[in-house]
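Structure file target00.pdb; described as PDB, C-alpha atoms, pLDDT in the B column.
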ATOM      1  CA  MET A1111    -180.945  20.154-153.467  1.00 79.00           C
ATOM      2  CA  ILE A1112    -182.158  23.673-152.740  1.00 81.00           C
ATOM      3  CA  THR A1113    -183.441  22.501-149.373  1.00 86.00           C
ATOM      4  CA  VAL A1114    -179.934  21.297-148.542  1.00 86.00           C
ATOM      5  CA  ALA A1115    -178.549  24.754-149.364  1.00 86.00           C
ATOM      6  CA  THR A1116    -181.156  26.445-147.171  1.00 87.00           C
ATOM      7  CA  SER A1117    -180.403  24.131-144.260  1.00 88.00           C
ATOM      8  CA  LEU A1118    -176.668  24.763-144.686  1.00 88.00           C
ATOM      9  CA  PHE A1119    -177.331  28.502-144.462  1.00 87.00           C
ATOM     10  CA  ILE A1120    -179.392  27.998-141.330  1.00 89.00           C
ATOM     11  CA  THR A1121    -176.589  25.880-139.824  1.00 89.00           C
ATOM     12  CA  ALA A1122    -174.113  28.692-140.539  1.00 88.00           C
ATOM     13  CA  ALA A1123    -176.460  31.152-138.850  1.00 89.00           C
ATOM     14  CA  LEU A1124    -176.625  28.861-135.802  1.00 89.00           C
ATOM     15  CA  ILE A1125    -172.816  28.674-135.621  1.00 88.00           C
ATOM     16  CA  ALA A1126    -172.667  32.473-135.797  1.00 87.00           C
ATOM     17  CA  THR A1127    -175.222  32.569-132.991  1.00 89.00           C
ATOM     18  CA  GLY A1128    -172.832  30.442-130.943  1.00 88.00           C
ATOM     19  CA  ARG A1129    -170.192  33.131-131.371  1.00 86.00           C
ATOM     20  CA  LEU A1130    -172.841  35.716-130.503  1.00 88.00           C
ATOM     21  CA  LEU A1131    -173.475  33.961-127.188  1.00 89.00           C
ATOM     22  CA  ALA A1132    -169.817  33.201-126.403  1.00 84.00           C
ATOM     23  CA  GLY A1133    -168.107  36.257-127.866  1.00 73.00           C
ATOM     24  CA  PRO A1134    -165.622  37.822-125.465  1.00 78.00           C
ATOM     25  CA  SER A1135    -166.132  41.389-126.651  1.00 79.00           C
ATOM     26  CA  LEU A1136    -168.957  43.564-127.935  1.00 82.00           C
ATOM     27  CA  ALA A1137    -167.400  43.810-131.406  1.00 82.00           C
ATOM     28  CA  ASP A1138    -167.428  40.018-131.723  1.00 84.00           C
ATOM     29  CA  ARG A1139    -171.142  40.016-131.050  1.00 87.00           C
ATOM     30  CA  ILE A1140    -171.734  42.744-133.614  1.00 87.00           C
ATOM     31  CA  VAL A1141    -169.875  40.870-136.320  1.00 86.00           C
ATOM     32  CA  ALA A1142    -171.590  37.603-135.350  1.00 88.00           C
ATOM     33  CA  LEU A1143    -174.950  39.316-135.821  1.00 89.00           C
ATOM     34  CA  ASP A1144    -173.708  40.536-139.197  1.00 88.00           C
ATOM     35  CA  VAL A1145    -172.793  37.020-140.310  1.00 88.00           C
ATOM     36  CA  ALA A1146    -176.110  35.665-139.041  1.00 90.00           C
ATOM     37  CA  LEU A1147    -177.906  38.354-141.048  1.00 90.00           C
ATOM     38  CA  LEU A1148    -175.963  37.401-144.179  1.00 89.00           C
ATOM     39  CA  CYS A1149    -176.877  33.748-143.667  1.00 89.00           C
ATOM     40  CA  LEU A1150    -180.525  34.776-143.305  1.00 90.00           C
ATOM     41  CA  MET A1151    -180.253  36.664-146.590  1.00 90.00           C
ATOM     42  CA  GLY A1152    -178.819  33.593-148.294  1.00 88.00           C
ATOM     43  CA  ALA A1153    -181.615  31.454-146.853  1.00 90.00           C
ATOM     44  CA  ILE A1154    -184.198  33.911-148.203  1.00 90.00           C
ATOM     45  CA  ALA A1155    -182.580  33.793-151.652  1.00 89.00           C
ATOM     46  CA  THR A1156    -182.518  29.994-151.759  1.00 89.00           C
ATOM     47  CA  HIS A1157    -186.091  29.790-150.499  1.00 89.00           C
ATOM     48  CA  ALA A1158    -187.181  32.173-153.257  1.00 89.00           C
ATOM     49  CA  ALA A1159    -185.409  29.934-155.766  1.00 87.00           C
ATOM     50  CA  LYS A1160    -187.254  26.930-154.352  1.00 87.00           C
ATOM     51  CA  THR A1161    -190.726  28.466-154.491  1.00 89.00           C
ATOM     52  CA  GLY A1162    -190.082  30.393-157.716  1.00 85.00           C
ATOM     53  CA  SER A1163    -191.648  33.609-156.390  1.00 84.00           C
ATOM     54  CA  THR A1164    -189.812  36.921-156.471  1.00 83.00           C
ATOM     55  CA  THR A1165    -191.952  38.535-153.781  1.00 86.00           C
ATOM     56  CA  ASN A1166    -189.498  38.270-150.935  1.00 86.00           C
ATOM     57  CA  LEU A1167    -186.439  39.398-152.876  1.00 87.00           C
ATOM     58  CA  ILE A1168    -187.019  43.064-152.061  1.00 89.00           C
ATOM     59  CA  LEU A1169    -186.379  42.020-148.461  1.00 90.00           C
ATOM     60  CA  LEU A1170    -182.760  41.283-149.376  1.00 89.00           C
ATOM     61  CA  ILE A1171    -182.092  44.852-150.462  1.00 90.00           C
ATOM     62  CA  VAL A1172    -183.701  46.232-147.317  1.00 91.00           C
ATOM     63  CA  LEU A1173    -181.772  43.806-145.105  1.00 91.00           C
ATOM     64  CA  ALA A1174    -178.439  44.721-146.706  1.00 89.00           C
ATOM     65  CA  ILE A1175    -178.954  48.436-146.080  1.00 89.00           C
ATOM     66  CA  ILE A1176    -180.392  48.020-142.580  1.00 91.00           C
ATOM     67  CA  GLY A1177    -177.559  45.669-141.600  1.00 89.00           C
ATOM     68  CA  PHE A1178    -174.998  48.228-142.751  1.00 89.00           C
ATOM     69  CA  THR A1179    -176.691  50.946-140.704  1.00 90.00           C
ATOM     70  CA  ALA A1180    -176.736  48.744-137.619  1.00 89.00           C
ATOM     71  CA  THR A1181    -173.076  47.781-137.946  1.00 88.00           C
ATOM     72  CA  VAL A1182    -171.884  51.338-138.485  1.00 89.00           C
ATOM     73  CA  SER A1183    -173.880  52.760-135.592  1.00 89.00           C
ATOM     74  CA  ALA A1184    -172.691  50.024-133.238  1.00 87.00           C
ATOM     75  CA  ALA A1185    -169.082  50.552-134.316  1.00 85.00           C
ATOM     76  CA  ARG A1186    -169.302  54.292-133.716  1.00 85.00           C
ATOM     77  CA  PHE A1187    -170.840  53.639-130.321  1.00 85.00           C
ATOM     78  CA  LEU A1188    -168.075  51.173-129.464  1.00 81.00           C
ATOM     79  CA  GLN A1189    -165.309  53.486-130.635  1.00 77.00           C
ATOM     80  CA  TYR A1190    -166.009  56.232-128.117  1.00 75.00           C
ATOM     81  CA  GLN A1191    -167.178  54.054-125.223  1.00 67.00           C
ATOM     82  CA  PRO A1192    -164.312  51.765-124.162  1.00 55.00           C
ATOM     83  CA  ALA A1193    -165.647  51.607-120.614  1.00 56.00           C
ATOM     84  CA  VAL A1194    -169.002  50.309-121.820  1.00 53.00           C
ATOM     85  CA  ALA A1195    -167.289  47.669-123.939  1.00 52.00           C
ATOM     86  CA  GLU A1196    -165.307  46.451-120.937  1.00 54.00           C
ATOM     87  CA  THR A1197    -168.327  46.261-118.663  1.00 53.00           C
ATOM     88  CA  VAL A1198    -170.264  44.304-121.277  1.00 54.00           C
ATOM     89  CA  THR A1199    -167.478  41.759-121.668  1.00 53.00           C
ATOM     90  CA  SER A1200    -166.959  41.162-117.968  1.00 48.00           C
TER      91      SER A1200
ATOM     92  CA  MET B 806    -176.250  27.462-154.155  1.00 73.00           C
ATOM     93  CA  ILE B 807    -174.748  24.513-152.317  1.00 79.00           C
ATOM     94  CA  VAL B 808    -171.291  25.995-152.855  1.00 79.00           C
ATOM     95  CA  GLY B 809    -172.406  29.381-151.513  1.00 77.00           C
ATOM     96  CA  ALA B 810    -173.960  27.802-148.451  1.00 78.00           C
ATOM     97  CA  PHE B 811    -170.756  25.852-147.879  1.00 76.00           C
ATOM     98  CA  ILE B 812    -168.696  29.056-148.041  1.00 82.00           C
ATOM     99  CA  ALA B 813    -171.076  30.613-145.512  1.00 78.00           C
ATOM    100  CA  ILE B 814    -170.529  27.588-143.244  1.00 80.00           C
ATOM    101  CA  LEU B 815    -166.757  28.105-143.535  1.00 79.00           C
ATOM    102  CA  ALA B 816    -167.161  31.774-142.601  1.00 79.00           C
ATOM    103  CA  ALA B 817    -169.201  30.926-139.534  1.00 79.00           C
ATOM    104  CA  VAL B 818    -166.748  28.236-138.415  1.00 80.00           C
ATOM    105  CA  GLY B 819    -163.885  30.689-138.826  1.00 77.00           C
ATOM    106  CA  LEU B 820    -165.840  33.197-136.790  1.00 77.00           C
ATOM    107  CA  LEU B 821    -166.275  30.596-134.063  1.00 77.00           C
ATOM    108  CA  ARG B 822    -162.796  29.099-134.008  1.00 77.00           C
ATOM    109  CA  PHE B 823    -160.251  31.887-134.471  1.00 78.00           C
ATOM    110  CA  SER B 824    -158.589  33.311-131.400  1.00 74.00           C
ATOM    111  CA  THR B 825    -158.054  37.043-131.943  1.00 76.00           C
ATOM    112  CA  PRO B 826    -160.741  39.596-132.929  1.00 75.00           C
ATOM    113  CA  TYR B 827    -158.853  40.578-136.070  1.00 79.00           C
ATOM    114  CA  ALA B 828    -158.744  36.996-137.351  1.00 80.00           C
ATOM    115  CA  ARG B 829    -162.439  36.563-136.579  1.00 81.00           C
ATOM    116  CA  PHE B 830    -163.410  39.702-138.492  1.00 82.00           C
ATOM    117  CA  HIS B 831    -161.176  38.597-141.339  1.00 81.00           C
ATOM    118  CA  ALA B 832    -163.047  35.295-141.614  1.00 80.00           C
ATOM    119  CA  ALA B 833    -166.479  36.874-141.243  1.00 79.00           C
ATOM    120  CA  GLY B 834    -166.044  39.972-143.358  1.00 81.00           C
ATOM    121  CA  LYS B 835    -164.665  38.339-146.479  1.00 83.00           C
ATOM    122  CA  ALA B 836    -166.010  34.806-146.727  1.00 84.00           C
ATOM    123  CA  SER B 837    -169.650  35.420-145.854  1.00 85.00           C
ATOM    124  CA  PRO B 838    -170.419  37.983-148.633  1.00 86.00           C
ATOM    125  CA  VAL B 839    -168.743  35.658-151.130  1.00 86.00           C
ATOM    126  CA  GLY B 840    -171.005  32.872-149.897  1.00 85.00           C
ATOM    127  CA  PHE B 841    -174.089  35.025-150.305  1.00 87.00           C
ATOM    128  CA  LEU B 842    -173.022  36.161-153.771  1.00 88.00           C
ATOM    129  CA  VAL B 843    -172.454  32.607-155.033  1.00 88.00           C
ATOM    130  CA  ALA B 844    -175.808  31.514-153.601  1.00 86.00           C
ATOM    131  CA  SER B 845    -177.600  34.486-155.152  1.00 87.00           C
ATOM    132  CA  LEU B 846    -175.956  33.660-158.503  1.00 87.00           C
ATOM    133  CA  GLY B 847    -177.514  30.205-158.335  1.00 87.00           C
ATOM    134  CA  ALA B 848    -180.875  31.623-157.247  1.00 87.00           C
ATOM    135  CA  GLY B 849    -180.772  34.203-160.058  1.00 87.00           C
ATOM    136  CA  LEU B 850    -180.205  31.453-162.631  1.00 87.00           C
ATOM    137  CA  GLU B 851    -183.200  29.654-161.173  1.00 85.00           C
ATOM    138  CA  LEU B 852    -185.529  32.671-161.018  1.00 85.00           C
ATOM    139  CA  GLY B 853    -185.121  34.323-164.392  1.00 84.00           C
ATOM    140  CA  VAL B 854    -184.602  37.966-165.282  1.00 89.00           C
ATOM    141  CA  ALA B 855    -186.989  39.650-162.829  1.00 86.00           C
ATOM    142  CA  GLY B 856    -185.585  37.831-159.815  1.00 87.00           C
ATOM    143  CA  ALA B 857    -181.990  38.157-160.997  1.00 89.00           C
ATOM    144  CA  ALA B 858    -182.335  41.943-161.252  1.00 90.00           C
ATOM    145  CA  GLN B 859    -183.418  42.217-157.625  1.00 90.00           C
ATOM    146  CA  LEU B 860    -180.681  39.831-156.533  1.00 90.00           C
ATOM    147  CA  VAL B 861    -178.097  41.923-158.385  1.00 91.00           C
ATOM    148  CA  LEU B 862    -179.424  45.030-156.635  1.00 90.00           C
ATOM    149  CA  ALA B 863    -179.138  43.343-153.234  1.00 90.00           C
ATOM    150  CA  GLY B 864    -175.639  42.104-154.043  1.00 90.00           C
ATOM    151  CA  VAL B 865    -174.472  45.548-155.131  1.00 91.00           C
ATOM    152  CA  ALA B 866    -175.903  47.156-151.986  1.00 89.00           C
ATOM    153  CA  MET B 867    -174.140  44.546-149.856  1.00 89.00           C
ATOM    154  CA  ILE B 868    -170.784  44.883-151.649  1.00 89.00           C
ATOM    155  CA  LEU B 869    -170.876  48.656-151.270  1.00 89.00           C
ATOM    156  CA  THR B 870    -171.818  48.667-147.598  1.00 88.00           C
ATOM    157  CA  LEU B 871    -170.362  45.607-145.877  1.00 87.00           C
ATOM    158  CA  PRO B 872    -166.608  46.373-146.214  1.00 86.00           C
ATOM    159  CA  VAL B 873    -167.236  49.865-144.838  1.00 87.00           C
ATOM    160  CA  GLY B 874    -168.989  48.440-141.784  1.00 87.00           C
ATOM    161  CA  VAL B 875    -166.307  45.847-141.133  1.00 86.00           C
ATOM    162  CA  HIS B 876    -163.596  48.477-141.557  1.00 86.00           C
ATOM    163  CA  LEU B 877    -165.288  50.690-138.971  1.00 86.00           C
ATOM    164  CA  LEU B 878    -165.463  47.721-136.618  1.00 84.00           C
ATOM    165  CA  PHE B 879    -161.750  47.056-137.117  1.00 83.00           C
ATOM    166  CA  ARG B 880    -160.976  50.686-136.309  1.00 82.00           C
ATOM    167  CA  ALA B 881    -163.163  50.652-133.218  1.00 82.00           C
ATOM    168  CA  VAL B 882    -161.460  47.506-131.945  1.00 80.00           C
ATOM    169  CA  HIS B 883    -158.036  48.975-132.680  1.00 78.00           C
ATOM    170  CA  ARG B 884    -158.866  52.064-130.645  1.00 75.00           C
ATOM    171  CA  THR B 885    -160.488  50.348-127.692  1.00 73.00           C
ATOM    172  CA  ASP B 886    -158.475  47.156-127.254  1.00 65.00           C
ATOM    173  CA  GLY B 887    -155.044  46.864-125.748  1.00 59.00           C
ATOM    174  CA  PRO B 888    -151.907  46.043-127.718  1.00 58.00           C
ATOM    175  CA  VAL B 889    -152.570  42.561-129.090  1.00 59.00           C
ATOM    176  CA  LEU B 890    -150.785  43.066-132.407  1.00 60.00           C
ATOM    177  CA  ARG B 891    -147.173  42.126-132.919  1.00 60.00           C
ATOM    178  CA  VAL B 892    -146.633  44.802-135.594  1.00 64.00           C
ATOM    179  CA  ASP B 893    -148.865  47.843-135.318  1.00 68.00           C
ATOM    180  CA  GLU B 894    -148.512  50.188-138.253  1.00 68.00           C
ATOM    181  CA  LEU B 895    -151.636  52.208-137.524  1.00 72.00           C
ATOM    182  CA  ALA B 896    -150.779  53.493-134.042  1.00 71.00           C
ATOM    183  CA  PRO B 897    -148.216  56.224-135.050  1.00 72.00           C
ATOM    184  CA  ALA B 898    -150.597  57.550-137.700  1.00 73.00           C
ATOM    185  CA  GLU B 899    -153.415  57.649-135.168  1.00 71.00           C
ATOM    186  CA  VAL B 900    -151.247  59.561-132.672  1.00 73.00           C
ATOM    187  CA  GLN B 901    -150.307  62.071-135.366  1.00 73.00           C
ATOM    188  CA  SER B 902    -153.929  62.477-136.433  1.00 72.00           C
ATOM    189  CA  GLN B 903    -154.976  63.059-132.841  1.00 71.00           C
ATOM    190  CA  ARG B 904    -152.256  65.704-132.480  1.00 73.00           C
ATOM    191  CA  LEU B 905    -153.440  67.486-135.604  1.00 72.00           C
ATOM    192  CA  HIS B 906    -156.984  67.364-134.301  1.00 70.00           C
ATOM    193  CA  ASP B 907    -155.914  68.895-130.979  1.00 71.00           C
ATOM    194  CA  THR B 908    -153.976  71.744-132.581  1.00 68.00           C
ATOM    195  CA  SER B 909    -156.833  72.602-134.921  1.00 64.00           C
ATOM    196  CA  ALA B 910    -159.210  72.640-131.940  1.00 58.00           C
ATOM    197  CA  THR B 911    -156.956  75.040-130.017  1.00 57.00           C
ATOM    198  CA  THR B 912    -156.538  77.335-133.004  1.00 55.00           C
ATOM    199  CA  GLN B 913    -160.235  77.420-133.688  1.00 53.00           C
ATOM    200  CA  ALA B 914    -161.211  78.211-130.114  1.00 49.00           C
ATOM    201  CA  PRO B 915    -160.072  81.920-130.058  1.00 50.00           C
ATOM    202  CA  GLU B 916    -161.845  82.568-133.348  1.00 48.00           C
ATOM    203  CA  SER B 917    -165.107  81.458-131.886  1.00 46.00           C
ATOM    204  CA  ASN B 918    -164.581  83.797-128.942  1.00 48.00           C
ATOM    205  CA  GLN B 919    -164.223  86.784-131.228  1.00 46.00           C
TER     206      GLN B 919
END

Starting from the file, give its structure as structure tokens.
Amino acid sequence: MITVATSLFITAALIATGRLLAGPSLADRIVALDVALLCLMGAIATHAAKTGSTTNLILLIVLAIIGFTATVSAARFLQYQPAVAETVTS
Amino acid sequence: MIVGAFIAILAAVGLLRFSTPYARFHAAGKASPVGFLVASLGAGLELGVAGAAQLVLAGVAMILTLPVGVHLLFRAVHRTDGPVLRVDELAPAEVQSQRLHDTSATTQAPESNQ
């Protein structure tokens, strides 16, 4: 049962990776990476529930904070660089 | 946990299928944290108190940070993209804010010269 949940999370991360590869703009790729990171966090949580060890759970806190930092810095970069965003999309 | 994983699947499909950037961010920014929270609720019930405390900490950090990041992304897209919205309520406020910023910059410039 828990294995099914983990594989569903990994499938969601793969779908988000599809948007990461196809995404027409830079912001789409940023948010696709965000969703893939969240799916990775869910997979880590379900795997910890399967093995019963709480060792890896500190990773979730670190990933949440690091993912926020990455998203905010990329959004600030995108906000003042419209030319860069256009060249990346084309 | 199955339910949370299914919500995450829905978020990813919405991210893949929707046509405009705003709709994609809407699907990704709201459904995926809900999916993670439901899954971590199930994992916390499975792991006991020590694991549940760390999961609660991770969930709180995510709830505090993720809407801020998605909001900044929305604002960046609104400023860089062309007019794709049918009703744009933010554009007049942004023009006014820019005007205020310009006037404050011009009034501050002579003071720095003195």

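The spacing separating CA of Ala832 (chain B) from CA of Val1172 (chain A) amounts to 24.1 Å.
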
Name the residues captured by the PyMOL selection byres ((chain B) within 9 of (chain A)) when it is applied to the shown file; answer as a VMD selection string.
chain B and resid 806 to 811 813 to 818 820 to 822 826 829 to 830 833 to 834 837 to 838 840 to 842 844 to 845 847 to 852 855 to 856 859 to 860 862 to 867 870 to 871 873 to 875 877 to 886

Provide the CA of Ile868 (chain B) to CA of Ala836 (chain B) distance in Å, to one decimal place.
12.2 Å

Would you mind reading off the distance between CA of His831 (chain B) and CA of Gln903 (chain B), one decimal, in Å?
26.6 Å
